[in-house]
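Next up, model_7.txt (compact mmCIF, C-alpha atoms):
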# COMPACT_ATOMS: atom_id res chain seq x y z
CA GLY A 1 13.45 33.81 10.26
CA GLU A 2 13.78 30.58 8.33
CA ASN A 3 12.33 30.25 4.83
CA VAL A 4 11.94 26.87 3.14
CA GLU A 5 11.21 26.55 -0.57
CA GLN A 6 10.05 23.27 -2.09
CA HIS A 7 9.89 22.04 -5.69
CA PRO A 8 8.07 20.79 -7.62
CA SER A 9 4.56 21.54 -6.42
CA THR A 10 3.16 18.52 -8.27
CA LEU A 11 4.89 15.38 -9.50
CA SER A 12 3.41 12.52 -11.47
CA VAL A 13 5.39 9.31 -11.99
CA GLN A 14 4.70 5.81 -13.26
CA GLU A 15 4.64 3.01 -10.74
CA GLY A 16 8.15 1.67 -10.29
CA ASP A 17 9.86 4.92 -11.26
CA SER A 18 11.79 7.12 -8.86
CA ALA A 19 10.58 10.46 -7.48
CA VAL A 20 12.76 13.33 -6.27
CA ILE A 21 11.58 16.35 -4.30
CA LYS A 22 13.93 19.23 -3.54
CA CYS A 23 14.00 21.88 -0.82
CA THR A 24 16.20 24.83 -0.02
CA TYR A 25 16.46 26.66 3.29
CA SER A 26 17.73 30.09 4.23
CA ASP A 27 18.91 29.92 7.85
CA SER A 28 22.39 28.44 8.16
CA ALA A 29 21.64 27.71 11.84
CA SER A 30 18.99 25.13 10.91
CA ASN A 31 20.24 21.68 11.79
CA TYR A 32 17.28 19.31 11.56
CA PHE A 33 15.41 18.46 8.36
CA PRO A 34 12.39 16.16 8.49
CA TRP A 35 10.11 15.02 5.71
CA TYR A 36 6.40 14.52 6.34
CA LYS A 37 3.80 12.64 4.32
CA GLN A 38 0.21 13.85 4.43
CA GLU A 39 -2.57 11.65 3.16
CA LEU A 40 -5.96 13.06 2.32
CA GLY A 41 -7.88 14.19 5.40
CA LYS A 42 -5.07 13.33 7.81
CA GLY A 43 -2.34 15.12 9.69
CA PRO A 44 1.27 15.01 8.48
CA GLN A 45 3.31 11.97 9.48
CA LEU A 46 7.09 11.83 9.73
CA ILE A 47 8.66 9.48 7.16
CA ILE A 48 12.36 10.30 7.45
CA ASP A 49 14.59 12.97 8.92
CA ILE A 50 18.22 14.01 8.79
CA ARG A 51 20.47 16.07 11.03
CA SER A 52 23.07 18.50 9.82
CA ASN A 53 26.02 16.30 10.77
CA VAL A 54 24.91 13.65 8.25
CA GLY A 55 24.98 13.93 4.45
CA GLU A 56 22.64 11.08 3.56
CA LYS A 57 20.18 8.77 5.24
CA LYS A 58 18.27 5.83 3.84
CA ASP A 59 15.26 3.85 5.04
CA GLN A 60 14.21 1.10 2.62
CA ARG A 61 12.85 2.86 -0.51
CA ILE A 62 13.23 6.35 0.94
CA ALA A 63 16.41 8.39 1.17
CA VAL A 64 17.25 11.97 2.06
CA THR A 65 20.37 13.90 1.12
CA LEU A 66 21.62 17.13 2.65
CA ASN A 67 24.06 19.67 1.24
CA LYS A 68 24.80 22.14 4.03
CA THR A 69 27.04 24.33 1.90
CA ALA A 70 24.34 24.87 -0.71
CA LYS A 71 21.55 24.79 1.91
CA HIS A 72 19.44 22.25 0.14
CA PHE A 73 18.10 18.80 0.88
CA SER A 74 16.19 16.28 -1.18
CA LEU A 75 13.83 13.35 -0.77
CA HIS A 76 14.29 10.35 -3.02
CA ILE A 77 11.66 7.63 -3.34
CA THR A 78 12.61 4.60 -5.40
CA GLU A 79 10.35 1.91 -6.87
CA THR A 80 7.30 4.07 -6.28
CA GLN A 81 3.98 2.41 -5.51
CA PRO A 82 0.41 3.76 -5.72
CA GLU A 83 0.30 4.02 -1.91
CA ASP A 84 3.12 6.55 -2.10
CA SER A 85 0.60 9.01 -3.59
CA ALA A 86 0.22 11.84 -1.08
CA VAL A 87 1.43 15.36 -0.32
CA TYR A 88 5.01 15.52 0.93
CA PHE A 89 6.37 18.39 3.02
CA CYS A 90 9.94 19.22 3.83
CA ALA A 91 10.74 21.22 6.94
CA ALA A 92 13.65 22.74 8.80
CA SER A 93 14.31 23.68 12.38
CA ASN A 94 17.07 24.77 14.68
CA ARG A 95 17.15 22.27 17.52
CA GLY A 96 19.19 24.70 19.55
CA THR A 97 16.34 27.19 19.83
CA GLY A 98 13.83 27.07 22.65
CA ARG A 99 10.73 26.40 20.62
CA ARG A 100 12.13 23.80 18.20
CA ALA A 101 9.26 24.53 15.85
CA LEU A 102 9.30 23.51 12.21
CA THR A 103 9.27 25.78 9.18
CA PHE A 104 7.55 23.91 6.37
CA GLY A 105 7.88 24.03 2.62
CA SER A 106 4.74 24.50 0.54
CA GLY A 107 4.35 20.81 -0.26
CA THR A 108 4.60 18.48 -3.27
CA ARG A 109 1.63 16.49 -4.45
CA LEU A 110 2.98 13.15 -5.67
CA GLN A 111 0.80 10.98 -7.87
CA VAL A 112 1.96 7.49 -8.73
CA GLN A 113 0.18 6.16 -11.80
CA PRO A 114 -0.41 2.38 -11.74
CA ASN B 1 -2.19 5.71 23.32
CA ALA B 2 -4.63 7.82 21.33
CA GLY B 3 -1.81 10.21 20.40
CA VAL B 4 -2.92 13.74 19.52
CA THR B 5 -6.68 14.25 19.30
CA GLN B 6 -8.48 17.33 18.01
CA THR B 7 -12.10 18.41 18.19
CA PRO B 8 -14.18 19.33 16.32
CA LYS B 9 -13.26 17.82 12.92
CA PHE B 10 -15.25 20.43 11.01
CA ARG B 11 -16.83 23.76 11.90
CA ILE B 12 -18.52 26.61 10.08
CA LEU B 13 -18.50 29.99 11.79
CA LYS B 14 -20.08 33.29 10.94
CA ILE B 15 -17.92 36.42 10.86
CA GLY B 16 -17.45 37.76 14.37
CA GLN B 17 -18.28 34.52 16.17
CA SER B 18 -15.81 32.93 18.53
CA MET B 19 -14.82 29.32 19.17
CA THR B 20 -12.22 27.14 20.80
CA LEU B 21 -10.38 24.37 18.99
CA GLN B 22 -9.49 21.59 21.38
CA CYS B 23 -6.24 19.61 21.37
CA THR B 24 -5.26 16.83 23.75
CA GLN B 25 -2.26 14.50 23.79
CA ASP B 26 -1.72 11.47 26.01
CA MET B 27 2.00 10.99 25.38
CA ASN B 28 3.17 13.26 28.21
CA HIS B 29 4.82 15.59 25.70
CA ASN B 30 5.96 18.94 27.00
CA TYR B 31 6.08 20.74 23.66
CA MET B 32 2.83 21.47 21.85
CA TYR B 33 2.14 23.50 18.71
CA TRP B 34 -0.69 24.93 16.69
CA TYR B 35 -0.30 25.24 12.91
CA ARG B 36 -2.64 26.38 10.20
CA GLN B 37 -2.59 25.02 6.66
CA ASP B 38 -4.09 27.12 3.89
CA PRO B 39 -5.00 25.43 0.58
CA GLY B 40 -1.92 24.42 -1.39
CA MET B 41 0.42 25.77 1.25
CA GLY B 42 2.66 24.45 3.96
CA LEU B 43 1.90 24.65 7.64
CA LYS B 44 2.50 27.92 9.46
CA LEU B 45 3.08 28.13 13.20
CA ILE B 46 0.44 30.05 15.17
CA TYR B 47 1.41 29.45 18.81
CA TYR B 48 3.50 26.99 20.75
CA SER B 49 4.05 25.91 24.33
CA VAL B 50 7.09 24.33 25.98
CA GLY B 51 5.18 23.27 29.07
CA ALA B 52 2.20 23.94 31.30
CA GLY B 53 1.82 27.66 31.96
CA ILE B 54 4.23 28.69 29.17
CA THR B 55 3.08 29.84 25.74
CA ASP B 56 4.58 31.97 23.00
CA LYS B 57 3.73 33.35 19.57
CA GLY B 58 4.70 31.76 16.30
CA GLU B 59 4.70 33.25 12.80
CA VAL B 60 0.97 34.06 12.47
CA PRO B 61 -0.53 34.65 15.96
CA ASN B 62 -2.87 37.57 15.19
CA GLY B 63 -6.52 36.76 15.87
CA TYR B 64 -5.73 33.77 18.09
CA ASN B 65 -5.09 33.05 21.74
CA VAL B 66 -3.92 29.96 23.58
CA SER B 67 -3.61 28.67 27.11
CA ARG B 68 -1.78 25.70 28.63
CA SER B 69 -3.08 24.86 32.07
CA THR B 70 -2.16 21.16 31.88
CA THR B 71 0.46 19.09 30.07
CA GLU B 72 -2.24 17.28 28.10
CA ASP B 73 -4.37 20.15 26.75
CA PHE B 74 -3.55 23.08 24.47
CA PRO B 75 -6.74 24.83 23.27
CA LEU B 76 -6.69 27.49 20.54
CA ARG B 77 -9.19 30.34 20.83
CA LEU B 78 -10.55 32.46 17.98
CA GLU B 79 -12.25 35.53 19.42
CA LEU B 80 -13.66 37.36 16.38
CA ALA B 81 -13.67 35.00 13.43
CA ALA B 82 -12.73 36.48 10.06
CA PRO B 83 -12.81 34.91 6.56
CA SER B 84 -8.99 35.01 6.55
CA GLN B 85 -9.06 32.39 9.31
CA THR B 86 -10.65 29.83 7.03
CA SER B 87 -8.08 27.05 7.11
CA VAL B 88 -7.22 23.61 8.41
CA TYR B 89 -5.76 23.72 11.90
CA PHE B 90 -3.31 21.12 13.15
CA CYS B 91 -2.13 20.55 16.67
CA ALA B 92 1.18 18.77 17.26
CA SER B 93 3.30 17.65 20.19
CA ARG B 94 6.80 16.34 20.86
CA LEU B 95 9.16 15.41 23.64
CA PRO B 96 11.61 18.09 24.78
CA VAL B 97 14.70 15.90 24.89
CA ALA B 98 17.32 16.09 22.17
CA GLY B 99 17.93 12.78 20.53
CA GLU B 100 18.05 10.90 17.29
CA ARG B 101 14.52 11.87 16.38
CA ASN B 102 12.90 15.22 16.85
CA GLU B 103 9.51 14.00 15.67
CA GLN B 104 6.40 16.09 16.02
CA PHE B 105 3.21 14.05 16.21
CA PHE B 106 0.23 15.67 14.51
CA GLY B 107 -3.47 15.43 15.18
CA PRO B 108 -5.99 14.81 12.37
CA GLY B 109 -6.86 18.49 12.01
CA THR B 110 -9.89 20.76 12.30
CA ARG B 111 -11.31 22.19 9.10
CA LEU B 112 -12.71 25.65 9.83
CA THR B 113 -14.74 27.78 7.44
CA VAL B 114 -15.67 31.38 8.27
CA LEU B 115 -18.51 32.84 6.21

Could I get this file's structure written as structure tokens?
Amino acid sequence: GENVEQHPSTLSVQEGDSAVIKCTYSDSASNYFPWYKQELGKGPQLIIDIRSNVGEKKDQRIAVTLNKTAKHFSLHITETQPEDSAVYFCAASNRGTGRRALTFGSGTRLQVQP
Amino acid sequence: NAGVTQTPKFRILKIGQSMTLQCTQDMNHNYMYWYRQDPGMGLKLIYYSVGAGITDKGEVPNGYNVSRSTTEDFPLRLELAAPSQTSVYFCASRLPVAGERNEQFFGPGTRLTVL
């Protein structure tokens, strides 16, 4: 089955700096890569996603890049703000399979220092 | 829409007790999922359902059972609680159609402790 590894496990940045979180996946059939943000005491919430036919996607201060050959994808947050502090999860799935379930990375705790 | 709702929010069980975690969604989603999240870890899939009457195992199904009698509800049953089942449980749902977004919507979670 799919295995997703995520680094780093914790990341502390100063407000206004950029943050980068990296993930690798094992199953070359995976073709959908979402990123979820989980705030304390809440369920994960989708912030951005990318499909395998796209190399980069951007939404305001958030961008995701995908390298299919190397099987890795990254989340980039620019101009970080204190409200960006949360746990971020990458995930992968094969949208061609029946269940379309997600395999999650282990999470990155991002702390933005004011 | 309330989205995905889960009850209870917290529960403490003794070893060997049983309980049902409730999950309801009002978005008419066919696909529903149960995940568990252990401390400092990602979410692992327990069971999933692609529609009423259809369920299947995920990565970590041992010790759990599910049913899907309606589109809205997807309860998770623990028959003989064990300390290894101490975790936070999340229910999620999504539409079955392929499209630009494949978003799963998550409930707020149930924090379960087995002592």

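Between CA of Pro61 (chain B) and CA of Gly3 (chain B) there is a distance of 24.9 Å.
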
Pull the closest atom pair for each residue of chain B that gets at most 6 Å from chain A, along with the distance in Å to one decimal, counting only C-alpha atoms, ordering rows by chain and then ascending residue number, as JSON lines.
{"residue": "B:Met41", "atom": "CA", "partner": "A:Ser106", "partner_atom": "CA", "distance": 4.6}
{"residue": "B:Gly42", "atom": "CA", "partner": "A:Ser106", "partner_atom": "CA", "distance": 4.0}
{"residue": "B:Leu43", "atom": "CA", "partner": "A:Phe104", "partner_atom": "CA", "distance": 5.8}
{"residue": "B:Phe106", "atom": "CA", "partner": "A:Gly43", "partner_atom": "CA", "distance": 5.5}
{"residue": "B:Gly107", "atom": "CA", "partner": "A:Gly43", "partner_atom": "CA", "distance": 5.6}
{"residue": "B:Pro108", "atom": "CA", "partner": "A:Gly43", "partner_atom": "CA", "distance": 4.5}

### Message
Would you compute the distance between CA of Thr70 (chain B) and CA of Gln85 (chain B)? Give it in Å to one decimal.
### Response
26.1 Å

### Query
What is the distance between CA of Tyr35 (chain B) and CA of Ala52 (chain B), in Å to one decimal?
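Taking CA of Tyr35 (chain B) and CA of Ala52 (chain B), their separation equals 18.6 Å.
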
Would you list the contacts of Leu66 (chain A) as a compact mmCIF listing (two decimals) with C-alpha atoms, keeping the file's coordinate frame, taking every protein, DNA or RNA residue within 8 Å and counting only C-alpha atoms, but skipping same-chain residues closer than 6 positions in sequence?
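After the write, out27.txt holds the following:
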# COMPACT_ATOMS: atom_id res chain seq x y z
CA ILE A 50 18.22 14.01 8.79
CA SER A 52 23.07 18.50 9.82
CA VAL A 54 24.91 13.65 8.25
CA GLY A 55 24.98 13.93 4.45
CA GLU A 56 22.64 11.08 3.56
CA HIS A 72 19.44 22.25 0.14
CA PHE A 73 18.10 18.80 0.88
CA SER A 74 16.19 16.28 -1.18

### Task
For region 10-18 of chain A, list every protein, DNA or RNA residue within 8 Å, evaluated using all atoms listed in the file, and leave out those in the same chain fewer than 2 positions away; present the list as a PyMOL selection string.
chain A and resi 8+20+76-82+108-114

### Message
Report as a PyMOL selection string all protein, DNA and RNA residues lying within 12 Å of Asn62 (chain B), evaluated on all atoms listed in the file, omitting residues in the same chain fewer than 5 positions from it.
### Response
chain B and resi 45-47+57+77-82+84-85

What does the file look like for those residues with C-alpha atoms, as an mmCIF file, in the coordinates of the input?
data_model
loop_
_atom_site.group_PDB
_atom_site.id
_atom_site.type_symbol
_atom_site.label_atom_id
_atom_site.label_comp_id
_atom_site.auth_asym_id
_atom_site.auth_seq_id
_atom_site.Cartn_x
_atom_site.Cartn_y
_atom_site.Cartn_z
ATOM 1 C CA LEU B 45 3.080 28.130 13.200
ATOM 2 C CA ILE B 46 0.440 30.050 15.170
ATOM 3 C CA TYR B 47 1.410 29.450 18.810
ATOM 4 C CA LYS B 57 3.730 33.350 19.570
ATOM 5 C CA ARG B 77 -9.190 30.340 20.830
ATOM 6 C CA LEU B 78 -10.550 32.460 17.980
ATOM 7 C CA GLU B 79 -12.250 35.530 19.420
ATOM 8 C CA LEU B 80 -13.660 37.360 16.380
ATOM 9 C CA ALA B 81 -13.670 35.000 13.430
ATOM 10 C CA ALA B 82 -12.730 36.480 10.060
ATOM 11 C CA SER B 84 -8.990 35.010 6.550
ATOM 12 C CA GLN B 85 -9.060 32.390 9.310
#

### Message
Give me the residues near Glu72 (chain B) as number ranges by chain, where near means some atom within 8 Å (using only C-alpha atoms) and where sequence neighbours in that chain fewer than 6 positions away do not count.
### Response
B: 24-26, 28-29

### Message
Report as a list in words all protein, DNA and RNA residues lying within 12 Å of Met19 (chain B), evaluated on all atoms listed in the file, omitting residues in the same chain fewer than 3 positions from it.
### Response
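Neighbouring residues, sequence-local ones excluded: Thr7, Pro8, Arg11, Ile12, Leu13, Lys14, Ile15, Gly16, Gln22, Gly63, Tyr64, Asn65, Val66, Pro75, Leu76, Arg77, Leu78, Glu79, Leu80, Ala81, Ala82, Gln85, Leu112, Thr113 and Val114 of chain B.
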
### Query
From the set A:Asn3, A:Thr24, A:Ser30, A:Gln38, which residue has the shortest atom-to-atom contact distance to Thr65 (chain A), counting all atoms listed in the file?
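Ranking A:Asn3, A:Thr24, A:Ser30, A:Gln38 by distance to Thr65 (chain A), first place goes to A:Thr24.
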
#### Entry: Selected residue of minimal separation from Ser67 (chain B) among B:Phe105, B:Lys44, B:Leu21, B:Arg94, counting all atoms listed in the file
B:Leu21

Size and centre in Å, one decimal, axis-aligned box, all listed region 59-75 of chain A atoms plus 6 Å per side, as JSON:
{"center_x": 19.9, "center_y": 13.0, "center_z": 1.9, "size_x": 26.2, "size_y": 35.8, "size_z": 18.2}

Final N, CA, C and O atoms of region 33-44 of chain A as a PDB file, in the frame of the given file:
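What ended up in part-v4.pdb:
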ATOM      1  N   PHE A  33      16.184  18.381   9.603  1.00  0.00           N
ATOM      2  CA  PHE A  33      15.410  18.460   8.360  1.00  0.00           C
ATOM      3  C   PHE A  33      14.545  17.209   8.206  1.00  0.00           C
ATOM      4  O   PHE A  33      14.992  16.177   7.704  1.00  0.00           O
ATOM      5  N   PRO A  34      13.295  17.297   8.627  1.00  0.00           N
ATOM      6  CA  PRO A  34      12.390  16.160   8.490  1.00  0.00           C
ATOM      7  C   PRO A  34      11.564  16.251   7.214  1.00  0.00           C
ATOM      8  O   PRO A  34      11.381  17.329   6.637  1.00  0.00           O
ATOM      9  N   TRP A  35      11.054  15.100   6.807  1.00  0.00           N
ATOM     10  CA  TRP A  35      10.110  15.020   5.710  1.00  0.00           C
ATOM     11  C   TRP A  35       8.829  14.376   6.241  1.00  0.00           C
ATOM     12  O   TRP A  35       8.873  13.346   6.919  1.00  0.00           O
ATOM     13  N   TYR A  36       7.692  15.012   5.890  1.00  0.00           N
ATOM     14  CA  TYR A  36       6.400  14.520   6.340  1.00  0.00           C
ATOM     15  C   TYR A  36       5.561  14.129   5.124  1.00  0.00           C
ATOM     16  O   TYR A  36       5.604  14.763   4.072  1.00  0.00           O
ATOM     17  N   LYS A  37       4.752  13.098   5.327  1.00  0.00           N
ATOM     18  CA  LYS A  37       3.800  12.640   4.320  1.00  0.00           C
ATOM     19  C   LYS A  37       2.401  12.917   4.844  1.00  0.00           C
ATOM     20  O   LYS A  37       2.084  12.590   5.993  1.00  0.00           O
ATOM     21  N   GLN A  38       1.570  13.556   4.011  1.00  0.00           N
ATOM     22  CA  GLN A  38       0.210  13.850   4.430  1.00  0.00           C
ATOM     23  C   GLN A  38      -0.773  13.207   3.457  1.00  0.00           C
ATOM     24  O   GLN A  38      -0.820  13.579   2.277  1.00  0.00           O
ATOM     25  N   GLU A  39      -1.523  12.273   3.959  1.00  0.00           N
ATOM     26  CA  GLU A  39      -2.570  11.650   3.160  1.00  0.00           C
ATOM     27  C   GLU A  39      -3.853  12.442   3.317  1.00  0.00           C
ATOM     28  O   GLU A  39      -4.029  13.193   4.282  1.00  0.00           O
ATOM     29  N   LEU A  40      -4.756  12.259   2.381  1.00  0.00           N
ATOM     30  CA  LEU A  40      -5.960  13.060   2.320  1.00  0.00           C
ATOM     31  C   LEU A  40      -6.754  12.986   3.627  1.00  0.00           C
ATOM     32  O   LEU A  40      -7.048  11.892   4.117  1.00  0.00           O
ATOM     33  N   GLY A  41      -7.060  14.138   4.200  1.00  0.00           N
ATOM     34  CA  GLY A  41      -7.880  14.190   5.400  1.00  0.00           C
ATOM     35  C   GLY A  41      -7.146  13.834   6.690  1.00  0.00           C
ATOM     36  O   GLY A  41      -7.778  13.700   7.745  1.00  0.00           O
ATOM     37  N   LYS A  42      -5.833  13.716   6.622  1.00  0.00           N
ATOM     38  CA  LYS A  42      -5.070  13.330   7.810  1.00  0.00           C
ATOM     39  C   LYS A  42      -3.990  14.368   8.127  1.00  0.00           C
ATOM     40  O   LYS A  42      -3.664  15.222   7.307  1.00  0.00           O
ATOM     41  N   GLY A  43      -3.448  14.269   9.327  1.00  0.00           N
ATOM     42  CA  GLY A  43      -2.340  15.120   9.690  1.00  0.00           C
ATOM     43  C   GLY A  43      -1.035  14.602   9.108  1.00  0.00           C
ATOM     44  O   GLY A  43      -0.934  13.431   8.745  1.00  0.00           O
ATOM     45  N   PRO A  44      -0.021  15.448   9.002  1.00  0.00           N
ATOM     46  CA  PRO A  44       1.270  15.010   8.480  1.00  0.00           C
ATOM     47  C   PRO A  44       1.897  13.938   9.382  1.00  0.00           C
ATOM     48  O   PRO A  44       1.719  13.962  10.605  1.00  0.00           O
TER      49      PRO A  44
END
